[in-house]
$ cat final.cif   # mmCIF, C-alpha atoms
data_protein
#
loop_
_atom_site.label_atom_id
_atom_site.label_comp_id
_atom_site.auth_asym_id
_atom_site.auth_seq_id
_atom_site.Cartn_x
_atom_site.Cartn_y
_atom_site.Cartn_z
CA MET A 1 50.49 -5.93 -6.10
CA LYS A 2 48.76 -9.15 -7.12
CA ASP A 3 47.06 -9.38 -3.73
CA TYR A 4 45.86 -5.81 -4.03
CA LYS A 5 44.32 -6.61 -7.42
CA LYS A 6 42.64 -9.69 -5.99
CA VAL A 7 41.20 -7.75 -3.05
CA ARG A 8 40.01 -5.00 -5.39
CA ARG A 9 38.33 -7.51 -7.68
CA PHE A 10 36.66 -9.26 -4.75
CA GLY A 11 35.49 -5.88 -3.41
CA SER A 12 33.95 -4.83 -6.71
CA LEU A 13 32.21 -8.20 -7.14
CA PHE A 14 30.89 -7.99 -3.58
CA LEU A 15 29.57 -4.46 -4.20
CA ALA A 16 27.97 -5.61 -7.46
CA ALA A 17 26.28 -8.49 -5.60
CA VAL A 18 24.96 -6.07 -2.94
CA VAL A 19 23.56 -3.73 -5.62
CA ALA A 20 21.99 -6.70 -7.46
CA ILE A 21 20.35 -8.06 -4.29
CA LEU A 22 19.02 -4.63 -3.29
CA THR A 23 17.66 -4.02 -6.80
CA LEU A 24 15.99 -7.43 -6.90
CA SER A 25 14.38 -7.02 -3.46
CA VAL A 26 13.03 -3.56 -4.39
CA MET A 27 11.69 -4.95 -7.68
CA VAL A 28 10.00 -7.91 -5.97
CA HIS A 29 8.26 -5.63 -3.45
CA ALA A 30 7.28 -3.06 -6.10
CA THR A 31 5.87 -5.80 -8.36
CA GLN A 32 3.87 -7.25 -5.48
CA VAL A 33 2.38 -3.84 -4.60
CA ILE A 34 1.58 -2.97 -8.22
CA THR A 35 -0.08 -6.32 -8.99
CA THR A 36 -2.18 -6.50 -5.81
CA PRO A 37 -5.84 -5.86 -6.69
CA ASN A 38 -7.72 -2.78 -5.53
CA ALA A 39 -8.73 -4.30 -2.21
CA ALA A 40 -8.02 -3.05 1.29
CA SER A 41 -8.90 -4.20 4.76
CA ALA A 42 -9.00 -2.18 7.97
CA SER A 43 -9.70 -3.49 11.44
CA TYR A 44 -11.72 -1.69 14.12
CA SER A 45 -11.88 -1.94 17.88
CA LEU A 46 -14.79 0.04 19.29
CA ALA A 47 -15.89 0.75 22.84
CA PRO A 48 -19.67 1.10 23.44
CA GLY A 49 -21.03 4.22 21.77
CA ALA A 50 -17.81 4.83 19.83
CA ASN A 51 -17.42 5.55 16.13
CA SER A 52 -14.52 4.61 13.88
CA ALA A 53 -12.81 7.18 11.65
CA ASN A 54 -14.78 8.17 8.57
CA ILE A 55 -14.11 5.98 5.54
CA THR A 56 -14.53 7.56 2.10
CA PRO A 57 -15.07 5.06 -0.71
CA ALA A 58 -13.77 5.70 -4.24
CA VAL A 59 -15.86 8.32 -6.03
CA ASN A 60 -18.55 7.24 -8.54
CA THR A 61 -17.39 3.62 -8.44
CA PRO A 62 -19.31 0.73 -6.91
CA VAL A 63 -17.28 -0.39 -3.92
CA MET A 64 -17.92 -3.84 -2.48
CA ILE A 65 -17.81 -3.86 1.30
CA LEU A 66 -17.41 -7.00 3.38
CA ALA A 67 -17.72 -6.21 7.06
CA ASP A 68 -17.34 -8.80 9.75
CA GLN A 69 -17.16 -8.88 13.49
CA THR A 70 -14.59 -11.19 15.01
CA GLY A 71 -15.65 -10.62 18.63
CA THR A 72 -12.28 -11.46 20.11
CA VAL A 73 -12.32 -8.94 22.95
CA CYS A 74 -15.89 -9.45 24.16
CA HIS A 75 -15.27 -13.25 24.24
CA CYS A 76 -18.89 -13.74 23.31
CA ASP A 77 -20.60 -15.47 20.43
CA ASN A 78 -21.12 -12.31 18.46
CA VAL A 79 -19.47 -13.11 15.15
CA GLY A 80 -21.29 -11.83 12.10
CA SER A 81 -20.65 -10.84 8.52
CA SER A 82 -22.31 -8.69 5.91
CA LEU A 83 -21.85 -7.84 2.26
CA MET A 84 -22.93 -4.81 0.25
CA THR A 85 -21.98 -2.40 -2.48
CA VAL A 86 -21.87 1.34 -1.96
CA VAL A 87 -21.47 4.20 -4.43
CA ASN A 88 -20.05 7.53 -3.32
CA SER A 89 -22.03 9.49 -5.89
CA THR A 90 -20.99 13.00 -6.83
CA VAL A 91 -24.11 13.19 -9.03
CA ASP A 92 -26.58 12.48 -6.20
CA VAL A 93 -24.20 13.96 -3.57
CA GLU A 94 -24.88 11.09 -1.18
CA LEU A 95 -24.01 7.47 -0.49
CA VAL A 96 -26.10 4.84 -2.30
CA TRP A 97 -26.00 1.24 -1.07
CA ASN A 98 -27.44 -2.27 -1.55
CA GLY A 99 -26.59 -5.42 0.34
CA PHE A 100 -27.23 -8.07 2.96
CA GLU A 101 -27.51 -7.46 6.70
CA SER A 102 -25.64 -9.80 9.06
CA THR A 103 -27.30 -12.80 10.75
CA GLY A 104 -30.46 -13.18 8.69
CA GLY A 105 -31.30 -9.50 8.81
CA GLY A 106 -32.43 -9.54 5.19
CA LEU A 107 -31.70 -6.97 2.57
CA THR A 108 -30.48 -3.44 3.12
CA HIS A 109 -30.65 -0.66 0.61
CA GLY A 110 -30.84 3.10 0.68
CA PHE A 111 -29.37 6.46 -0.19
CA SER A 112 -28.61 9.27 2.20
CA PRO A 113 -26.21 12.09 3.03
CA VAL A 114 -27.57 12.35 6.60
CA ALA A 115 -25.17 11.48 9.42
CA GLY A 116 -26.20 8.50 11.56
CA THR A 117 -28.36 6.80 8.89
CA HIS A 118 -28.07 3.01 9.27
CA ILE A 119 -26.42 1.24 6.32
CA VAL A 120 -25.73 -2.36 7.39
CA PHE A 121 -25.20 -4.39 10.58
CA THR A 122 -21.94 -6.29 10.83
CA ASP A 123 -22.36 -8.38 14.00
CA PHE A 124 -24.52 -11.26 15.23
CA SER A 125 -26.67 -9.23 17.66
CA HIS A 126 -27.18 -6.18 15.37
CA LEU A 127 -25.41 -3.82 17.76
CA VAL A 128 -22.57 -2.74 15.48
CA ASP A 129 -23.35 -1.20 12.13
CA LEU A 130 -22.01 0.96 9.34
CA GLN A 131 -23.59 4.41 9.38
CA VAL A 132 -23.54 7.39 7.06
CA SER A 133 -21.05 10.04 8.28
CA ASN A 134 -21.73 12.61 5.58
CA ALA A 135 -22.50 12.78 1.85
CA THR A 136 -19.22 11.05 0.95
CA SER A 137 -18.24 8.77 3.82
CA PHE A 138 -19.39 6.22 6.38
CA HIS A 139 -18.14 4.94 9.74
CA VAL A 140 -18.52 1.90 12.01
CA HIS A 141 -20.66 2.51 15.10
CA ASN A 142 -20.95 0.40 18.25
CA SER A 143 -24.39 0.96 19.81
CA SER A 144 -23.95 -1.74 22.47
CA ALA A 145 -24.87 -0.80 26.05
CA SER A 146 -22.45 -3.34 27.51
CA THR A 147 -18.88 -2.52 28.51
CA ALA A 148 -17.34 -4.86 25.93
CA THR A 149 -15.12 -3.62 23.14
CA TYR A 150 -16.13 -5.00 19.75
CA ASN A 151 -13.54 -5.95 17.14
CA GLY A 152 -13.96 -6.51 13.45
CA ASN A 153 -12.79 -5.80 9.93
CA VAL A 154 -14.06 -3.76 7.01
CA THR A 155 -12.80 -4.94 3.62
CA MET A 156 -13.28 -2.77 0.55
CA ILE A 157 -12.91 -3.89 -3.07
CA TRP A 158 -13.17 -1.32 -5.87
CA MET B 159 44.43 19.27 -28.55
CA GLU B 160 43.79 15.64 -27.60
CA LEU B 161 44.18 16.15 -23.83
CA PRO B 162 41.18 18.49 -23.23
CA VAL B 163 38.91 16.13 -25.21
CA LYS B 164 40.06 13.21 -23.05
CA ASN B 165 39.49 15.26 -19.86
CA LYS B 166 36.05 16.22 -21.04
CA ARG B 167 35.23 12.56 -21.69
CA ASN B 168 36.51 11.57 -18.25
CA ALA B 169 34.50 14.31 -16.57
CA ARG B 170 31.37 13.16 -18.39
CA ARG B 171 32.06 9.59 -17.30
CA VAL B 172 32.48 10.65 -13.67
CA TRP B 173 29.22 12.61 -13.79
CA LEU B 174 27.42 9.62 -15.29
CA GLY B 175 28.71 7.40 -12.47
CA LEU B 176 27.58 9.93 -9.86
CA LEU B 177 24.17 10.19 -11.50
CA LEU B 178 23.74 6.40 -11.47
CA TRP B 179 24.75 6.06 -7.81
CA THR B 180 22.44 8.97 -6.89
CA GLY B 181 19.58 7.30 -8.79
CA LEU B 182 20.15 4.04 -6.92
CA ALA B 183 20.31 5.84 -3.56
CA ALA B 184 17.12 7.78 -4.37
CA GLY B 185 15.30 4.56 -5.31
CA LEU B 186 16.39 2.88 -2.08
CA LEU B 187 15.43 5.96 -0.02
CA VAL B 188 11.95 6.08 -1.58
CA GLN B 189 11.62 2.38 -0.75
CA ALA B 190 12.84 2.85 2.83
CA PHE B 191 10.82 5.93 3.74
CA GLY B 192 7.70 5.34 1.61
CA PRO B 193 4.40 4.19 3.14
CA HIS B 194 4.57 0.46 3.81
CA LEU B 195 1.20 -1.22 3.59
CA LYS B 196 1.08 -4.86 4.57
CA ILE B 197 -0.25 -7.22 1.91
CA GLN B 198 -2.17 -10.25 3.14
CA ASN B 199 -4.47 -12.61 1.23
CA ASN B 200 -3.99 -10.55 -1.93
CA LYS B 201 -5.23 -7.32 -0.34
CA PHE B 202 -3.74 -4.29 1.40
CA VAL B 203 -4.07 -4.28 5.17
CA PHE B 204 -4.28 -0.89 6.86
CA PRO B 205 -2.87 -0.57 10.38
CA PRO B 206 -5.58 -0.62 13.11
CA SER B 207 -4.57 2.89 14.19
CA LEU B 208 -5.99 4.23 10.92
CA LEU B 209 -9.63 3.49 11.80
CA SER B 210 -9.28 4.45 15.45
CA GLY B 211 -8.00 7.93 14.59
CA GLU B 212 -9.99 11.05 13.81
CA LYS B 213 -8.62 11.48 10.30
CA GLU B 214 -10.77 10.57 7.30
CA VAL B 215 -9.61 7.36 5.59
CA ARG B 216 -9.54 7.24 1.77
CA PRO B 217 -8.52 3.68 0.85
CA ASP B 218 -8.30 4.31 -2.92
CA GLU B 219 -5.96 7.28 -2.43
CA ILE B 220 -3.78 5.49 0.12
CA VAL B 221 -3.38 2.49 -2.22
CA ALA B 222 -2.76 4.72 -5.26
CA ARG B 223 -0.05 6.65 -3.37
CA GLU B 224 1.61 3.38 -2.29
CA ARG B 225 1.58 2.16 -5.91
CA ARG B 226 3.07 5.45 -7.19
CA MET B 227 5.89 5.33 -4.63
CA GLN B 228 6.68 1.68 -5.39
CA ALA B 229 6.67 2.30 -9.15
CA LEU B 230 9.01 5.27 -8.73
CA SER B 231 11.30 3.29 -6.45
CA GLY B 232 11.31 0.31 -8.83
CA ILE B 233 12.10 2.40 -11.91
CA LEU B 234 14.90 4.34 -10.15
CA THR B 235 16.48 1.25 -8.60
CA LEU B 236 16.25 -1.03 -11.65
CA GLY B 237 17.34 1.70 -14.07
CA SER B 238 20.32 2.68 -11.92
CA GLY B 239 21.23 -0.95 -11.14
CA LEU B 240 21.36 -1.88 -14.82
CA GLY B 241 23.18 1.36 -15.62
CA LEU B 242 25.81 0.66 -12.96
CA GLY B 243 26.29 -2.85 -14.30
CA PHE B 244 26.98 -1.41 -17.75
CA TYR B 245 29.10 1.44 -16.36
CA TYR B 246 31.41 -0.94 -14.47
CA ARG B 247 31.39 -3.66 -17.15
CA GLN B 248 35.18 -3.46 -17.57
CA THR B 249 35.74 -3.98 -13.84
CA LEU B 250 33.16 -6.74 -13.55
CA PHE B 251 34.01 -8.66 -16.71
CA PRO B 252 37.60 -7.72 -17.61
CA LYS B 253 38.30 -10.65 -19.96
CA ALA B 254 35.06 -10.35 -21.87
CA THR B 255 35.70 -6.66 -22.48
CA LEU B 256 39.23 -7.34 -23.71
CA LYS B 257 37.93 -9.92 -26.16
CA GLY B 258 35.33 -7.46 -27.38
CA ASP B 259 37.94 -4.80 -27.87
#
$ encode --input "final.cif" --output "structure tokens"
Amino acid sequence: MKDYKKVRRFGSLFLAAVVAILTLSVMVHATQVITTPNAASASYSLAPGANSANITPAVNTPVMILADQTGTVCHCDNVGSSLMTVVNSTVDVELVWNGFESTGGGLTHGFSPVAGTHIVFTDFSHLVDLQVSNATSFHVHNSSASTATYNGNVTMIW
Amino acid sequence: MELPVKNKRNARRVWLGLLLWTGLAAGLLVQAFGPHLKIQNNKFVFPPSLLSGEKEVRPDEIVARERRMQALSGILTLGSGLGLGFYYRQTLFPKATLKGD
């Protein structure tokens, strides 16, 4: 009878410990997700002539975009980076942007809802750029004529 | 007359226990089956498949949904965990409860 009580007590303490550990791990993960700033990064891998999926920035909020090419697949010196802000304006019904082109390309600015409009280059050779997809979104486009696949990241902060 | 009141109390206690365990299970299920975005360098990292697909990507909505799911999971799990601790206080701390009584 005493042994049974001991086993029962050990079992309930073990179960309590399991519940406590599970609760703590869920809380740690939830806290980390909730406290992470509004910033997201997505990587692309584009064959020549290919477009990425359309990316829709937050509405009527300036979104900072840092795009960079890492060039790991083409194994060439084609690393570049660019910085700009874009507004997905429901008032103007178009994208409005300002920023810096990659590799000394100077300033870029504009506003357009027309698909294919150049926004900003992201690579060293000015072959990969962000383009307008429609009035609310943009995509990454690889206009290279070579056979190399270009890799990079688009980071958005809003 | 005392017996039905005691039974009613016991039934309520059993239901409360079931509710707490269900809440904990729901919180863990939301955590297990919710969208899991990787966090690196203090930012969310979307899987590469997201940009290579045809579907439109809305980063603000994806992040907001992830936050909602995590908040729901956290509230359910923490609330139920604390509730279970209180519910089984006599089993967990038998001496302390006796002293209190």
$ closest_residue --input "final.cif" --among "B:Asp218, B:Ser210, B:Leu236, B:Gln248" --to "A:Ala47" --atoms "all atoms listed in the file"
B:Ser210
$ closest_residue --input "final.cif" --among "A:Ser52, A:Asn38, A:Thr61, A:Ser125" --to "A:Val79" --atoms "only C-alpha atoms"
A:Ser125
$ resolve_selection --input "final.cif" --expression "the PyMOL selection byres ((chain A) within 7 of (chain B))" --output "ChimeraX atom specification"
/A:13,19-20,23,26-27,30,33-34,36-37,39-44,52-58
$ axis_aligned_box --input "final.cif" --around "stretch 119-122 of chain A" --padding-each-side "3 Å" --output "AutoDock Vina command-line options"
--center_x -24.2 --center_y -2.5 --center_z 8.6 --size_x 10.5 --size_y 13.5 --size_z 10.5
$ resolve_selection --input "final.cif" --expression "the PyMOL selection byres ((chain A and resi 106) around 12)" --output "number ranges by chain"
A: 82-84, 98-105, 107-109, 120-121, 126
$ atom_distance --input "final.cif" --atom1 "atom CA of A:Asn134" --atom2 "atom CA of A:Asn51"
13.4 Å
$ atom_distance --input "final.cif" --atom1 "atom CA of B:Ala183" --atom2 "atom CA of A:Gln32"
21.1 Å
$ atom_distance --input "final.cif" --atom1 "atom CA of A:Ser146" --atom2 "atom CA of A:Asp123"
14.4 Å
$ residues_around --input "final.cif" --residues "A:Gly49" --least-positions-apart "2" --cutoff "9 Å" --atoms "all atoms listed in the file" --output "ChimeraX atom specification"
/A:46-47,51,141-145
$ resolve_selection --input "final.cif" --expression "the PyMOL selection byres ((chain A and resi 95) around 10)" --output "list in words"
Thr56, Pro57, Val59, Asn60, Val86, Val87, Asn88, Ser89, Thr90, Asp92, Val93, Glu94, Val96, Trp97, Gly110, Phe111, Ser112, Pro113, Val114, Ile119, Val132, Ser133, Asn134, Ala135, Thr136, Ser137 and Phe138 of chain A
